>>> print(open('coords14.txt').read())   # compact mmCIF, C-alpha atoms
# COMPACT_ATOMS: atom_id res chain seq x y z
CA MET A 1 -10.54 -38.80 -13.25
CA PRO A 2 -7.00 -40.16 -13.07
CA GLY A 3 -4.38 -37.87 -14.53
CA GLU A 4 -6.38 -34.66 -14.30
CA GLY A 5 -4.61 -33.62 -11.10
CA ASN A 6 -1.27 -34.04 -12.82
CA LEU A 7 -2.43 -32.08 -15.83
CA TYR A 8 -3.60 -29.26 -13.55
CA GLN A 9 -0.17 -29.14 -11.93
CA THR A 10 1.56 -29.25 -15.31
CA LEU A 11 -0.45 -26.25 -16.50
CA ILE A 12 0.09 -24.26 -13.29
CA GLU A 13 3.81 -24.92 -13.52
CA ALA A 14 3.92 -23.85 -17.17
CA ALA A 15 2.02 -20.64 -16.36
CA LEU A 16 4.30 -20.02 -13.38
CA ALA A 17 7.46 -20.53 -15.43
CA ARG A 18 6.12 -18.10 -18.00
CA LEU A 19 5.21 -15.58 -15.28
CA GLU A 20 8.65 -15.79 -13.71
CA ALA A 21 10.46 -15.52 -17.03
CA THR A 22 8.51 -12.58 -18.43
CA GLY A 23 6.59 -11.03 -15.54
CA SER A 24 3.28 -11.76 -17.31
CA MET A 25 0.86 -14.65 -17.32
CA PRO A 26 0.13 -16.34 -20.65
CA ALA A 27 -2.15 -13.93 -22.53
CA THR A 28 -4.51 -16.65 -23.74
CA LEU A 29 -5.35 -20.24 -22.89
CA ALA A 30 -4.03 -21.15 -26.35
CA GLU A 31 -0.65 -19.72 -25.37
CA LEU A 32 -0.70 -21.78 -22.18
CA ALA A 33 -1.57 -24.88 -24.21
CA GLU A 34 1.40 -24.26 -26.43
CA LEU A 35 3.77 -23.61 -23.51
CA ALA A 36 2.67 -26.78 -21.71
CA GLU A 37 2.45 -28.82 -24.93
CA VAL A 38 -1.08 -29.86 -24.05
CA PRO A 39 -4.12 -29.78 -26.37
CA LEU A 40 -6.13 -26.56 -26.04
CA GLU A 41 -9.34 -28.48 -25.34
CA ASP A 42 -7.74 -30.07 -22.27
CA VAL A 43 -6.57 -26.64 -21.04
CA SER A 44 -10.04 -25.18 -21.59
CA GLY A 45 -11.59 -28.17 -19.82
CA ILE A 46 -9.53 -27.50 -16.71
CA PHE A 47 -9.43 -23.69 -16.49
CA GLY A 48 -12.23 -22.46 -18.72
CA SER A 49 -10.90 -18.88 -18.53
CA LEU A 50 -7.80 -16.82 -17.85
CA GLN A 51 -9.47 -15.64 -14.63
CA ASN A 52 -9.60 -19.25 -13.41
CA LEU A 53 -5.95 -19.66 -14.32
CA ARG A 54 -5.15 -16.49 -12.34
CA GLU A 55 -7.01 -17.90 -9.35
CA GLY A 56 -5.09 -21.15 -9.69
CA LEU A 57 -1.80 -19.22 -9.62
CA ILE A 58 -2.94 -17.24 -6.59
CA TYR A 59 -3.88 -20.46 -4.81
CA GLN A 60 -0.45 -21.89 -5.59
CA GLY A 61 1.27 -18.66 -4.54
CA ILE A 62 -0.58 -18.45 -1.23
CA ALA A 63 0.20 -22.10 -0.50
CA LEU A 64 3.92 -21.46 -1.07
CA LEU A 65 3.87 -18.20 0.88
CA ASN A 66 2.02 -19.79 3.82
CA ASP A 67 4.50 -22.64 3.86
CA SER A 68 7.38 -20.18 3.92
CA LEU A 69 5.78 -18.19 6.77
CA ARG A 70 5.26 -21.36 8.82
CA GLN A 71 8.86 -22.42 8.29
CA GLY A 72 10.06 -18.95 9.24
CA VAL A 73 8.21 -19.04 12.55
CA VAL A 74 9.36 -22.60 13.26
CA HIS A 75 13.00 -21.79 12.44
CA SER A 76 12.90 -18.74 14.67
CA GLY A 77 12.87 -21.33 17.46
CA SER A 78 11.17 -18.86 19.75
CA VAL A 79 7.97 -19.11 21.73
CA LYS A 80 7.99 -15.33 22.25
CA PRO A 81 5.18 -13.79 20.21
CA ASP A 82 7.15 -10.63 19.35
CA ALA A 83 10.08 -12.72 18.04
CA GLN A 84 7.61 -14.83 16.07
CA LEU A 85 6.09 -11.70 14.49
CA ARG A 86 9.55 -10.54 13.45
CA SER A 87 10.30 -13.93 11.89
CA LEU A 88 6.97 -13.83 10.11
CA ALA A 89 7.70 -10.40 8.64
CA ARG A 90 11.18 -11.45 7.59
CA SER A 91 9.94 -14.66 5.91
CA TYR A 92 7.25 -12.68 4.14
CA ALA A 93 9.74 -10.15 2.76
CA ILE A 94 12.19 -12.84 1.72
CA TRP A 95 9.51 -14.85 -0.06
CA ALA A 96 8.24 -11.73 -1.84
CA SER A 97 11.71 -10.78 -3.01
CA LEU A 98 12.43 -14.33 -4.24
CA ASN A 99 9.10 -14.61 -6.07
CA PRO A 100 8.47 -11.14 -7.49
CA ALA A 101 6.17 -12.14 -10.36
CA LEU A 102 3.94 -14.38 -8.25
CA PHE A 103 3.94 -11.84 -5.43
CA ARG A 104 2.75 -9.19 -7.89
CA VAL A 105 -0.20 -11.39 -8.89
CA ILE A 106 -1.05 -11.85 -5.21
CA VAL A 107 -0.78 -8.14 -4.35
CA ASP A 108 -2.80 -7.14 -7.41
CA GLY A 109 -5.50 -9.48 -6.12
CA LEU A 110 -5.23 -8.17 -2.54
CA ASN A 111 -5.69 -4.60 -3.80
CA ARG A 112 -8.90 -5.42 -5.69
CA PRO A 113 -12.30 -6.39 -4.32
CA MET A 114 -12.03 -9.94 -2.94
CA ALA A 115 -14.93 -12.38 -3.09
CA GLU A 116 -15.84 -13.71 0.35
CA GLY A 117 -14.47 -17.21 0.67
CA SER A 118 -11.84 -16.72 -2.06
CA THR A 119 -8.26 -17.79 -1.44
CA LEU A 120 -7.11 -14.21 -0.87
CA TYR A 121 -10.06 -13.37 1.37
CA ARG A 122 -9.31 -16.38 3.55
CA PHE A 123 -5.56 -15.59 3.57
CA THR A 124 -6.26 -12.00 4.60
CA MET A 125 -8.56 -13.05 7.42
CA SER A 126 -6.19 -15.76 8.65
CA MET A 127 -3.40 -13.16 8.79
CA ARG A 128 -5.64 -10.91 10.86
CA ASP A 129 -6.44 -13.78 13.22
CA LEU A 130 -2.76 -14.58 13.56
CA PHE A 131 -1.79 -10.97 14.30
CA GLU A 132 -4.63 -10.64 16.79
CA ARG A 133 -3.60 -13.85 18.56
CA LYS A 134 0.04 -12.74 18.79
CA LEU A 135 -0.97 -9.30 20.08
CA ARG A 136 -3.11 -10.99 22.78
CA GLU A 137 -0.17 -13.18 23.75
CA MET A 138 2.02 -10.09 23.95
CA ARG A 139 -0.56 -8.39 26.14
CA ASP A 140 -0.79 -11.47 28.38
CA LEU A 141 3.01 -11.39 28.75
CA GLY A 142 2.99 -7.69 29.63
CA LEU A 143 4.78 -6.70 26.40
CA ILE A 144 1.74 -4.59 25.56
CA ARG A 145 0.14 -2.84 28.50
CA HIS A 146 -2.80 -4.68 30.00
CA GLU A 147 -5.55 -2.18 29.29
CA ALA A 148 -4.47 -1.50 25.67
CA ASP A 149 -7.11 -1.65 22.96
CA LEU A 150 -5.78 -3.96 20.25
CA ALA A 151 -8.05 -2.60 17.48
CA PRO A 152 -5.94 0.45 16.55
CA ILE A 153 -2.75 -1.65 16.70
CA LEU A 154 -4.31 -4.11 14.26
CA LEU A 155 -5.21 -1.16 12.02
CA VAL A 156 -1.61 0.05 12.02
CA ILE A 157 -0.43 -3.46 11.17
CA LEU A 158 -2.97 -3.73 8.34
CA CYS A 159 -1.75 -0.45 6.91
CA VAL A 160 1.92 -1.37 7.27
CA VAL A 161 1.40 -4.74 5.58
CA LYS A 162 -0.43 -3.09 2.69
CA GLY A 163 2.30 -0.47 2.39
CA ALA A 164 5.05 -3.07 2.62
CA ASN A 165 3.39 -5.00 -0.22
CA VAL A 166 3.72 -1.95 -2.48
CA LEU A 167 7.24 -1.27 -1.26
CA LEU A 168 8.38 -4.86 -1.85
CA LEU A 169 7.09 -4.63 -5.43
CA ASN A 170 8.41 -1.17 -6.24
CA ARG A 171 11.55 -0.91 -4.16
CA LYS A 172 13.67 -0.05 -7.20
CA THR A 173 11.54 2.88 -8.29
CA GLU A 174 10.45 4.34 -4.94
CA PRO A 175 11.88 7.87 -4.73
CA TRP A 176 12.11 7.82 -0.88
CA LEU A 177 14.48 4.87 -1.15
CA SER A 178 16.58 6.11 -4.06
CA ASP A 179 19.50 6.97 -1.77
CA ASP A 180 19.19 3.77 0.31
CA PRO A 181 21.47 1.05 -1.14
CA ARG A 182 20.16 -1.80 1.03
CA PRO A 183 18.18 -4.79 -0.30
CA VAL A 184 14.46 -4.50 0.36
CA VAL A 185 14.49 -7.43 2.80
CA GLN A 186 16.89 -5.54 5.04
CA ILE A 187 14.84 -2.35 4.79
CA ALA A 188 11.62 -4.22 5.63
CA ASP A 189 13.36 -5.94 8.53
CA GLU A 190 14.54 -2.66 10.06
CA MET A 191 11.13 -1.11 9.51
CA PHE A 192 9.13 -3.94 11.05
CA GLY A 193 11.63 -4.35 13.88
CA TYR A 194 11.34 -0.68 14.73
CA LEU A 195 7.58 -0.97 14.65
CA ILE A 196 7.53 -3.92 17.06
CA ASP A 197 10.07 -2.36 19.41
CA ASN A 198 8.47 1.05 19.57
CA LEU A 199 4.84 0.63 18.73
CA LEU A 200 4.14 -2.55 20.59
CA VAL A 201 6.80 -3.52 23.04
CA THR A 202 7.46 -0.11 24.56
CA GLY A 203 3.71 0.42 24.89
CA THR A 204 4.19 -1.20 28.28
CA ALA A 205 6.20 1.81 29.46
CA GLN A 206 3.32 4.19 28.82
CA ALA A 207 0.99 5.29 31.59
CA ALA A 208 -2.64 4.16 31.31
CA MET B 1 -0.67 32.07 -27.45
CA PRO B 2 -3.71 33.76 -25.91
CA GLY B 3 -6.60 31.46 -25.12
CA GLU B 4 -4.56 28.26 -24.98
CA GLY B 5 -4.39 28.37 -21.20
CA ASN B 6 -8.15 28.57 -21.01
CA LEU B 7 -8.57 25.72 -23.46
CA TYR B 8 -6.18 23.59 -21.40
CA GLN B 9 -8.27 24.25 -18.30
CA THR B 10 -11.49 23.52 -20.20
CA LEU B 11 -10.15 20.16 -21.28
CA ILE B 12 -8.82 19.24 -17.84
CA GLU B 13 -12.17 20.11 -16.30
CA ALA B 14 -14.05 18.04 -18.89
CA ALA B 15 -11.75 15.06 -18.27
CA LEU B 16 -12.12 15.51 -14.51
CA ALA B 17 -15.93 15.68 -14.72
CA ARG B 18 -15.88 12.50 -16.78
CA LEU B 19 -13.52 10.81 -14.31
CA GLU B 20 -15.68 11.76 -11.34
CA ALA B 21 -18.91 10.69 -13.03
CA THR B 22 -17.72 7.31 -14.30
CA GLY B 23 -14.48 6.51 -12.46
CA SER B 24 -12.61 6.41 -15.79
CA MET B 25 -10.76 8.96 -17.88
CA PRO B 26 -11.97 9.53 -21.45
CA ALA B 27 -10.79 6.49 -23.42
CA THR B 28 -9.60 8.54 -26.41
CA LEU B 29 -8.73 12.15 -27.19
CA ALA B 30 -11.71 12.11 -29.58
CA GLU B 31 -13.98 11.32 -26.65
CA LEU B 32 -12.48 14.20 -24.70
CA ALA B 33 -13.00 16.50 -27.70
CA GLU B 34 -16.65 15.51 -27.79
CA LEU B 35 -17.12 15.94 -24.03
CA ALA B 36 -15.51 19.39 -24.07
CA GLU B 37 -17.14 20.38 -27.35
CA VAL B 38 -13.74 21.33 -28.75
CA PRO B 39 -12.31 20.32 -32.16
CA LEU B 40 -10.17 17.18 -31.98
CA GLU B 41 -7.21 18.94 -33.61
CA ASP B 42 -7.15 21.47 -30.78
CA VAL B 43 -7.25 18.66 -28.18
CA SER B 44 -4.44 16.82 -29.97
CA GLY B 45 -2.46 20.05 -30.21
CA ILE B 46 -2.58 20.49 -26.44
CA PHE B 47 -2.24 16.94 -25.10
CA GLY B 48 -0.88 14.86 -27.98
CA SER B 49 -1.64 11.62 -26.10
CA LEU B 50 -3.78 10.12 -23.35
CA GLN B 51 -0.62 9.81 -21.26
CA ASN B 52 -0.16 13.58 -21.39
CA LEU B 53 -3.80 14.02 -20.39
CA ARG B 54 -3.22 11.66 -17.45
CA GLU B 55 -0.21 13.72 -16.38
CA GLY B 56 -2.30 16.87 -16.64
CA LEU B 57 -4.92 15.34 -14.34
CA ILE B 58 -2.24 14.24 -11.88
CA TYR B 59 -0.80 17.75 -11.87
CA GLN B 60 -4.25 19.18 -11.18
CA GLY B 61 -4.93 16.55 -8.51
CA ILE B 62 -1.64 17.17 -6.70
CA ALA B 63 -2.24 20.93 -6.80
CA LEU B 64 -5.66 20.45 -5.17
CA LEU B 65 -4.36 17.92 -2.65
CA ASN B 66 -1.41 20.14 -1.69
CA ASP B 67 -3.75 23.06 -1.23
CA SER B 68 -6.00 21.00 1.00
CA LEU B 69 -3.01 19.79 3.08
CA ARG B 70 -1.77 23.36 3.54
CA GLN B 71 -5.21 24.53 4.63
CA GLY B 72 -5.50 21.60 7.03
CA VAL B 73 -2.23 22.49 8.74
CA VAL B 74 -3.13 26.20 8.87
CA HIS B 75 -6.59 25.48 10.30
CA SER B 76 -5.14 23.22 12.96
CA GLY B 77 -3.92 26.51 14.45
CA SER B 78 -1.10 24.67 16.16
CA VAL B 79 2.63 25.22 16.07
CA LYS B 80 3.19 21.78 17.60
CA PRO B 81 4.69 19.47 14.97
CA ASP B 82 2.82 16.37 16.19
CA ALA B 83 -0.52 18.22 16.00
CA GLN B 84 0.43 19.44 12.54
CA LEU B 85 1.17 15.89 11.39
CA ARG B 86 -2.22 14.75 12.66
CA SER B 87 -3.93 17.59 10.78
CA LEU B 88 -1.97 16.71 7.68
CA ALA B 89 -3.07 13.07 7.86
CA ARG B 90 -6.68 14.06 8.48
CA SER B 91 -6.72 16.52 5.54
CA TYR B 92 -5.15 13.89 3.31
CA ALA B 93 -7.78 11.27 4.20
CA ILE B 94 -10.64 13.76 3.82
CA TRP B 95 -9.40 14.92 0.43
CA ALA B 96 -8.96 11.32 -0.74
CA SER B 97 -12.46 10.36 0.34
CA LEU B 98 -14.00 13.44 -1.34
CA ASN B 99 -12.09 12.91 -4.60
CA PRO B 100 -11.97 9.11 -5.04
CA ALA B 101 -11.55 9.06 -8.82
CA LEU B 102 -8.76 11.63 -8.91
CA PHE B 103 -7.11 10.02 -5.87
CA ARG B 104 -7.13 6.67 -7.70
CA VAL B 105 -5.30 8.23 -10.65
CA ILE B 106 -2.73 9.68 -8.23
CA VAL B 107 -2.22 6.42 -6.32
CA ASP B 108 -1.96 4.40 -9.53
CA GLY B 109 0.81 6.79 -10.53
CA LEU B 110 2.51 6.60 -7.11
CA ASN B 111 2.56 2.80 -7.32
CA ARG B 112 4.27 2.76 -10.72
CA PRO B 113 7.81 3.79 -11.61
CA MET B 114 7.99 7.60 -11.40
CA ALA B 115 10.20 9.63 -13.72
CA GLU B 116 12.64 11.82 -11.81
CA GLY B 117 11.33 15.37 -11.86
CA SER B 118 7.74 14.32 -12.61
CA THR B 119 4.89 15.83 -10.59
CA LEU B 120 4.50 12.68 -8.49
CA TYR B 121 8.22 12.30 -7.92
CA ARG B 122 8.44 15.87 -6.66
CA PHE B 123 5.31 15.44 -4.51
CA THR B 124 6.73 12.25 -2.98
CA MET B 125 10.04 13.90 -2.17
CA SER B 126 8.42 17.03 -0.77
CA MET B 127 6.30 14.84 1.54
CA ARG B 128 9.46 13.11 2.75
CA ASP B 129 11.11 16.46 3.39
CA LEU B 130 8.06 17.64 5.32
CA PHE B 131 7.91 14.49 7.46
CA GLU B 132 11.62 14.66 8.13
CA ARG B 133 11.38 18.33 9.14
CA LYS B 134 8.47 17.64 11.51
CA LEU B 135 10.28 14.67 13.05
CA ARG B 136 13.34 16.88 13.65
CA GLU B 137 11.14 19.50 15.30
CA MET B 138 9.61 16.79 17.48
CA ARG B 139 13.07 15.59 18.45
CA ASP B 140 14.15 19.15 19.24
CA LEU B 141 11.09 19.50 21.48
CA GLY B 142 11.85 16.22 23.27
CA LEU B 143 8.76 14.50 21.85
CA ILE B 144 11.11 11.99 20.28
CA ARG B 145 14.11 11.04 22.35
CA HIS B 146 17.24 12.99 21.54
CA GLU B 147 19.45 10.19 20.29
CA ALA B 148 16.75 8.59 18.10
CA ASP B 149 17.62 7.71 14.51
CA LEU B 150 14.91 9.23 12.33
CA ALA B 151 15.56 6.93 9.33
CA PRO B 152 13.52 3.93 10.55
CA ILE B 153 10.70 6.24 11.66
CA LEU B 154 10.61 7.74 8.16
CA LEU B 155 10.46 4.19 6.75
CA VAL B 156 7.48 3.33 8.94
CA ILE B 157 5.74 6.53 7.82
CA LEU B 158 6.47 5.75 4.16
CA CYS B 159 4.97 2.31 4.58
CA VAL B 160 1.93 3.60 6.46
CA VAL B 161 1.24 6.27 3.84
CA LYS B 162 1.48 3.70 1.04
CA GLY B 163 -0.80 1.33 2.95
CA ALA B 164 -3.26 4.11 3.79
CA ASN B 165 -3.43 4.98 0.07
CA VAL B 166 -4.61 1.45 -0.69
CA LEU B 167 -6.97 1.45 2.28
CA LEU B 168 -8.53 4.79 1.33
CA LEU B 169 -9.23 3.41 -2.15
CA ASN B 170 -10.48 -0.02 -1.12
CA ARG B 171 -12.10 0.62 2.24
CA LYS B 172 -15.40 -0.94 1.10
CA THR B 173 -13.89 -4.22 -0.02
CA GLU B 174 -11.13 -4.72 2.57
CA PRO B 175 -11.94 -7.92 4.50
CA TRP B 176 -10.20 -6.72 7.72
CA LEU B 177 -12.61 -3.78 7.84
CA SER B 178 -15.79 -5.65 6.92
CA ASP B 179 -17.05 -5.54 10.51
CA ASP B 180 -16.00 -1.92 11.10
CA PRO B 181 -18.90 0.44 10.30
CA ARG B 182 -16.91 3.67 10.54
CA PRO B 183 -16.14 5.97 7.59
CA VAL B 184 -12.59 5.59 6.32
CA VAL B 185 -11.62 9.11 7.44
CA GLN B 186 -12.39 8.16 11.05
CA ILE B 187 -10.50 4.88 10.73
CA ALA B 188 -7.48 6.64 9.23
CA ASP B 189 -7.64 9.28 11.95
CA GLU B 190 -7.60 6.70 14.75
CA MET B 191 -4.83 4.77 13.05
CA PHE B 192 -2.55 7.75 12.43
CA GLY B 193 -3.30 9.19 15.87
CA TYR B 194 -2.32 5.91 17.50
CA LEU B 195 0.84 5.83 15.44
CA ILE B 196 1.90 9.33 16.47
CA ASP B 197 1.06 8.76 20.13
CA ASN B 198 2.79 5.42 20.43
CA LEU B 199 5.43 5.31 17.76
CA LEU B 200 6.74 8.80 18.02
CA VAL B 201 5.62 10.66 21.08
CA THR B 202 6.06 7.93 23.69
CA GLY B 203 9.49 7.19 22.23
CA THR B 204 10.65 9.76 24.74
CA ALA B 205 9.73 7.43 27.60
CA GLN B 206 12.05 4.74 26.32
CA ALA B 207 15.55 4.29 27.67
CA ALA B 208 18.39 5.03 25.26
>>> encode(input="coords14.txt", output="structure tokens")
Amino acid sequence: MPGEGNLYQTLIEAALARLEATGSMPATLAELAELAEVPLEDVSGIFGSLQNLREGLIYQGIALLNDSLRQGVVHSGSVKPDAQLRSLARSYAIWASLNPALFRVIVDGLNRPMAEGSTLYRFTMSMRDLFERKLREMRDLGLIRHEADLAPILLVILCVVKGANVLLLNRKTEPWLSDDPRPVVQIADEMFGYLIDNLLVTGTAQAA
Amino acid sequence: MPGEGNLYQTLIEAALARLEATGSMPATLAELAELAEVPLEDVSGIFGSLQNLREGLIYQGIALLNDSLRQGVVHSGSVKPDAQLRSLARSYAIWASLNPALFRVIVDGLNRPMAEGSTLYRFTMSMRDLFERKLREMRDLGLIRHEADLAPILLVILCVVKGANVLLLNRKTEPWLSDDPRPVVQIADEMFGYLIDNLLVTGTAQAA
């Protein structure tokens, strides 16, 4: 159906503009129709429900975030897996801080039950695969000791990513950080850098 | 006013029973009045609003959690700060898994802006003080190298605690853990143990 793709994009962009301006999605499809200057029946034909609109925004958000992560790793210009992980973390924090409203929609979704096969489920699993692959590369290079079990390291990373999500959203109101004047990207960078240096890389210095 | 303290406790316990049975607080003060078999005007006189009831539950929850953390550290029977931190983490995870509904109310509160001086603000800051004190003790004992800056370690711990909160709530639906059959307490224990062993304790093996 020619034109429907464009209409979909128009509606996503209108919802996104609204989200960025106010921090909230349109409250009804009628509101979205008004914002986008599109007849309500066309909006309903494409999204059907606010939940579908939310999923459309998440899909868009994950596409932008993934693109930013890829660019970050490419721009790092390094083939070293630990340097790539640092670039990944930095790109993630920068994207989150530049897109707070969309990031909040994504994190809200990540912190709820995810349907298998959904955009967020697939994103989560692809992140795990990526981390696991980089940890294996680090082990192959001797940056992590040879006999190390990667499972608990992956668990720590999972927990840190989940915690960083909350921190990136609530940096301004987090009591622990009330006396830290730095931007959240810098805080996340120091934190993740410390983690890689001490949790992973120096693991090689430890006896078996 | 004699008797008011008892009535307060009666209402908190009724709200807590409701929360544990259904996962939700009473939706109105009238519902709480009915559950507790207390006149609505008495309920309104004590709480005034659902928000005040929520704060009462949080206060109760933090009191129970703190008590459980203290007992955990005492029962560990150790004066070693790293062993005490492990016991603390274990008690925290056990309490969270035994009190999922109350823990959810606490974590929801921790992930929103906290008023300075509120129960959650004070809890958060007292946890930071405790972690900082234990890290200093570990540094004094040589478990963390002498010249180490504790600030980034505290940041990692903050992030891990925030991530563990989400994990403890959503263990069943977290895609990364879908092929891990272990109870969340065991997963948290392995994760935190790994963190202490590799992030903190082996820091001593690293060159300055």
>>> interface_residues(input="coords14.txt", of="chain B", to="chain A", cutoff="10 Å", atoms="all atoms listed in the file", output="MDAnalysis selection string")
chainID B and resid 110:116 120:122 124:129 151:167 169:177 187:188 190:200 202:203 205:207
>>> residues_around(input="coords14.txt", residues="A:Leu88", least_positions_apart="6", cutoff="10 Å", atoms="only C-alpha atoms", output="list in words")
Asn66, Ser68, Leu69, Arg70, Gln71, Gly72, Val73, Val74, Ser76, Asp82 and Ile94 of chain A
>>> residues_around(input="coords14.txt", residues="B:Ser24", least_positions_apart="2", cutoff="10 Å", atoms="all atoms listed in the file", output="ChimeraX atom specification")
/B:15-22,26-27,101-102,104-105
>>> residues_around(input="coords14.txt", residues="stretch 45-57 of chain A", least_positions_apart="5", cutoff="9 Å", atoms="all atoms listed in the file", output="ChimeraX atom specification")
/A:4,7-8,11-13,15-16,25-29,40,62,102,105-106,118-119
>>> write_last_selection(input="coords14.txt", atoms="C-alpha atoms", output="compact mmCIF listing (two decimals), in the frame of the given file")
# COMPACT_ATOMS: atom_id res chain seq x y z
CA GLU A 4 -6.38 -34.66 -14.30
CA LEU A 7 -2.43 -32.08 -15.83
CA TYR A 8 -3.60 -29.26 -13.55
CA LEU A 11 -0.45 -26.25 -16.50
CA ILE A 12 0.09 -24.26 -13.29
CA GLU A 13 3.81 -24.92 -13.52
CA ALA A 15 2.02 -20.64 -16.36
CA LEU A 16 4.30 -20.02 -13.38
CA MET A 25 0.86 -14.65 -17.32
CA PRO A 26 0.13 -16.34 -20.65
CA ALA A 27 -2.15 -13.93 -22.53
CA THR A 28 -4.51 -16.65 -23.74
CA LEU A 29 -5.35 -20.24 -22.89
CA LEU A 40 -6.13 -26.56 -26.04
CA ILE A 62 -0.58 -18.45 -1.23
CA LEU A 102 3.94 -14.38 -8.25
CA VAL A 105 -0.20 -11.39 -8.89
CA ILE A 106 -1.05 -11.85 -5.21
CA SER A 118 -11.84 -16.72 -2.06
CA THR A 119 -8.26 -17.79 -1.44
>>> atom_distance(input="coords14.txt", atom1="atom CA of B:Arg86", atom2="atom CA of B:Phe131")
11.4 Å
>>> atom_distance(input="coords14.txt", atom1="atom CA of A:Leu85", atom2="atom CA of A:Asp108")
24.1 Å
>>> closest_residue(input="coords14.txt", among="B:Leu130, B:Leu98, B:Ile58, B:Ala14", to="B:Glu37", atoms="all atoms listed in the file")
B:Ala14
>>> atom_distance(input="coords14.txt", atom1="atom CA of A:Ala89", atom2="atom CA of A:Val184")
12.2 Å
>>> decode(input="coords14.txt", residues="stretch 57-69 of chain B", atoms="N, CA, C and O atoms", output="PDB file, in the first residue's frame")
ATOM      1  N   LEU B  57       4.217   2.303  54.629  1.00  0.00           N
ATOM      2  CA  LEU B  57       4.649   0.949  54.244  1.00  0.00           C
ATOM      3  C   LEU B  57       6.154   0.914  53.985  1.00  0.00           C
ATOM      4  O   LEU B  57       6.842  -0.037  54.349  1.00  0.00           O
ATOM      5  N   ILE B  58       6.648   1.957  53.325  1.00  0.00           N
ATOM      6  CA  ILE B  58       8.088   2.033  53.053  1.00  0.00           C
ATOM      7  C   ILE B  58       8.861   2.072  54.374  1.00  0.00           C
ATOM      8  O   ILE B  58       9.866   1.372  54.547  1.00  0.00           O
ATOM      9  N   TYR B  59       8.367   2.863  55.314  1.00  0.00           N
ATOM     10  CA  TYR B  59       9.032   2.964  56.615  1.00  0.00           C
ATOM     11  C   TYR B  59       9.092   1.601  57.291  1.00  0.00           C
ATOM     12  O   TYR B  59      10.141   1.176  57.794  1.00  0.00           O
ATOM     13  N   GLN B  60       7.936   0.907  57.246  1.00  0.00           N
ATOM     14  CA  GLN B  60       7.871  -0.443  57.829  1.00  0.00           C
ATOM     15  C   GLN B  60       8.830  -1.390  57.097  1.00  0.00           C
ATOM     16  O   GLN B  60       9.568  -2.166  57.716  1.00  0.00           O
ATOM     17  N   GLY B  61       8.805  -1.324  55.764  1.00  0.00           N
ATOM     18  CA  GLY B  61       9.653  -2.199  54.956  1.00  0.00           C
ATOM     19  C   GLY B  61      11.126  -1.969  55.243  1.00  0.00           C
ATOM     20  O   GLY B  61      11.903  -2.918  55.417  1.00  0.00           O
ATOM     21  N   ILE B  62      11.533  -0.710  55.317  1.00  0.00           N
ATOM     22  CA  ILE B  62      12.944  -0.397  55.562  1.00  0.00           C
ATOM     23  C   ILE B  62      13.347  -0.839  56.965  1.00  0.00           C
ATOM     24  O   ILE B  62      14.464  -1.340  57.176  1.00  0.00           O
ATOM     25  N   ALA B  63      12.425  -0.711  57.928  1.00  0.00           N
ATOM     26  CA  ALA B  63      12.727  -1.164  59.290  1.00  0.00           C
ATOM     27  C   ALA B  63      12.980  -2.677  59.288  1.00  0.00           C
ATOM     28  O   ALA B  63      13.954  -3.162  59.884  1.00  0.00           O
ATOM     29  N   LEU B  64      12.131  -3.424  58.592  1.00  0.00           N
ATOM     30  CA  LEU B  64      12.291  -4.884  58.526  1.00  0.00           C
ATOM     31  C   LEU B  64      13.562  -5.270  57.775  1.00  0.00           C
ATOM     32  O   LEU B  64      14.307  -6.156  58.191  1.00  0.00           O
ATOM     33  N   LEU B  65      13.799  -4.583  56.656  1.00  0.00           N
ATOM     34  CA  LEU B  65      14.993  -4.880  55.857  1.00  0.00           C
ATOM     35  C   LEU B  65      16.263  -4.579  56.655  1.00  0.00           C
ATOM     36  O   LEU B  65      17.185  -5.401  56.711  1.00  0.00           O
ATOM     37  N   ASN B  66      16.296  -3.418  57.301  1.00  0.00           N
ATOM     38  CA  ASN B  66      17.467  -3.058  58.109  1.00  0.00           C
ATOM     39  C   ASN B  66      17.720  -4.090  59.200  1.00  0.00           C
ATOM     40  O   ASN B  66      18.864  -4.465  59.457  1.00  0.00           O
ATOM     41  N   ASP B  67      16.643  -4.536  59.828  1.00  0.00           N
ATOM     42  CA  ASP B  67      16.770  -5.520  60.882  1.00  0.00           C
ATOM     43  C   ASP B  67      17.369  -6.813  60.337  1.00  0.00           C
ATOM     44  O   ASP B  67      18.258  -7.417  60.941  1.00  0.00           O
ATOM     45  N   SER B  68      16.893  -7.200  59.167  1.00  0.00           N
ATOM     46  CA  SER B  68      17.380  -8.427  58.537  1.00  0.00           C
ATOM     47  C   SER B  68      18.863  -8.286  58.143  1.00  0.00           C
ATOM     48  O   SER B  68      19.654  -9.232  58.283  1.00  0.00           O
ATOM     49  N   LEU B  69      19.253  -7.101  57.661  1.00  0.00           N
ATOM     50  CA  LEU B  69      20.656  -6.874  57.288  1.00  0.00           C
ATOM     51  C   LEU B  69      21.557  -6.941  58.525  1.00  0.00           C
ATOM     52  O   LEU B  69      22.630  -7.546  58.503  1.00  0.00           O
TER      53      LEU B  69
END
